[in-house]
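Worksheet: one structure, shown below.
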Amino acid sequence: IGLNPLAIDAQPMPMVRVSPAYPQSAVVRRIEGFVDVVFDVTETGAVENIQIVHAEPEKIFNSAVMKSVSRWKYRPKMEEGVAMKMYGWRERIRFNMEK
């Protein structure tokens with residue numbers, strides 16, 4: 001018996017990840033940090049309803065994260081072979097200086 005890979009339930013899978021630009025003001029001041037972001041993944045794999053839920057330090061990286069995450073693409077969540085919208089997907093995006 002062969003398994004139909006489309007029939008298996010699957011979580012969204014990242015397909016395209018655009019890295020955020022490191023803000024020049026943070027580079028100059030050698031600031032590192034992270035941003036926790038929550039978003040929905042549509043049936044077509046697009047990202048929408050992006051919300052920043054936590055950032056260290058606050059606000060410095062938010063704009064860069066919003067810009068990059070809006071361009072991400074996913075293979076959508078599948079349930080019984082049907083693409084479904086996924087609500088509340090959470091990611092942490094880190095900003096680290098080259099050592």
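Naming works like this for the structure tokens: A, B, ... for the chains as they're shown, residue 1 at the start of each chain, ligands 1 onward in shown order.
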
Assign secondary structure with DSSP using the backbone only, and return the residues of chain A in strand (DSSP E) as a ChimeraX atom specification. /A:13-16,33-41,47-56,73-75,77-79,82-84,86-95

Spatial neighbours of Val65 in chain A, 8 Å, only C-alpha atoms, chain gap at least 5 places, as a PyMOL selection string: chain A and resi 20+35+93

Taking the chain letters and numbering used in this document, name the residues of range 22-89 of chain A that DSSP puts in alpha helix (DSSP H), as a PyMOL selection string. chain A and resi 24-28+62-69

Export, as an mmCIF file, in the first residue's frame, the selected residues with N, CA, C and O atoms.
data_model
loop_
_atom_site.group_PDB
_atom_site.id
_atom_site.type_symbol
_atom_site.label_atom_id
_atom_site.label_comp_id
_atom_site.auth_asym_id
_atom_site.auth_seq_id
_atom_site.Cartn_x
_atom_site.Cartn_y
_atom_site.Cartn_z
ATOM 1 N N GLN A 24 21.201 49.907 10.283
ATOM 2 C CA GLN A 24 22.507 50.568 10.357
ATOM 3 C C GLN A 24 22.752 51.166 11.738
ATOM 4 O O GLN A 24 23.868 51.102 12.251
ATOM 5 N N SER A 25 21.715 51.708 12.371
ATOM 6 C CA SER A 25 21.894 52.299 13.705
ATOM 7 C C SER A 25 22.314 51.245 14.727
ATOM 8 O O SER A 25 23.087 51.524 15.638
ATOM 9 N N ALA A 26 21.838 50.017 14.558
ATOM 10 C CA ALA A 26 22.218 48.928 15.462
ATOM 11 C C ALA A 26 23.635 48.450 15.170
ATOM 12 O O ALA A 26 24.383 48.093 16.082
ATOM 13 N N VAL A 27 24.026 48.459 13.889
ATOM 14 C CA VAL A 27 25.390 48.065 13.511
ATOM 15 C C VAL A 27 26.386 49.019 14.154
ATOM 16 O O VAL A 27 27.362 48.596 14.783
ATOM 17 N N VAL A 28 26.139 50.321 13.988
ATOM 18 C CA VAL A 28 27.050 51.343 14.502
ATOM 19 C C VAL A 28 27.201 51.218 16.020
ATOM 20 O O VAL A 28 28.303 51.320 16.549
ATOM 21 N N ASN A 62 12.238 45.984 14.836
ATOM 22 C CA ASN A 62 10.850 45.707 14.432
ATOM 23 C C ASN A 62 10.566 45.974 12.962
ATOM 24 O O ASN A 62 9.962 45.146 12.276
ATOM 25 N N SER A 63 10.987 47.120 12.452
ATOM 26 C CA SER A 63 10.693 47.484 11.068
ATOM 27 C C SER A 63 11.346 46.496 10.092
ATOM 28 O O SER A 63 10.712 46.058 9.138
ATOM 29 N N ALA A 64 12.602 46.130 10.350
ATOM 30 C CA ALA A 64 13.311 45.190 9.482
ATOM 31 C C ALA A 64 12.618 43.830 9.487
ATOM 32 O O ALA A 64 12.492 43.177 8.443
ATOM 33 N N VAL A 65 12.133 43.406 10.647
ATOM 34 C CA VAL A 65 11.446 42.115 10.752
ATOM 35 C C VAL A 65 10.119 42.147 9.998
ATOM 36 O O VAL A 65 9.807 41.228 9.237
ATOM 37 N N MET A 66 9.344 43.187 10.169
ATOM 38 C CA MET A 66 8.043 43.287 9.489
ATOM 39 C C MET A 66 8.239 43.234 7.969
ATOM 40 O O MET A 66 7.508 42.548 7.269
ATOM 41 N N LYS A 67 9.255 43.960 7.478
ATOM 42 C CA LYS A 67 9.528 43.989 6.042
ATOM 43 C C LYS A 67 9.916 42.608 5.513
ATOM 44 O O LYS A 67 9.432 42.177 4.470
ATOM 45 N N SER A 68 10.791 41.917 6.222
ATOM 46 C CA SER A 68 11.266 40.625 5.715
ATOM 47 C C SER A 68 10.213 39.533 5.858
ATOM 48 O O SER A 68 9.997 38.759 4.922
ATOM 49 N N VAL A 69 9.533 39.462 6.999
ATOM 50 C CA VAL A 69 8.548 38.393 7.218
ATOM 51 C C VAL A 69 7.392 38.505 6.223
ATOM 52 O O VAL A 69 6.858 37.496 5.768
#

For Glu56 in chain A: contacts at 10 Å, only C-alpha atoms, fewer than 5 positions along chain excluded, given as an MDAnalysis selection string: chainID A and resid 31:36 61:62 94:95

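The gap separating CA of Arg30 in chain A from CA of Glu58 in chain A is 15.1 Å, in Å to one decimal.
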
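Near Glu48 in chain A, within 7 Å and counting only C-alpha atoms, sit Phe39, Asp40, Val41 and Ser70 of chain A; same-chain residues fewer than 6 positions away were not included.
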
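One finds CA of Gly88 in chain A at 15.6 Å from CA of Arg75 in chain A.
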
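Residue nearest Arg71 in chain A, chosen from A:Tyr22, A:Ala83, A:Gly45, A:Gln51 and counting only C-alpha atoms: A:Gly45.
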
Restricting the calculation to only C-alpha atoms: of A:Asn96, A:Lys85, A:Glu43, A:Lys77, which residue gets closest to Gln11 in chain A? A:Lys77
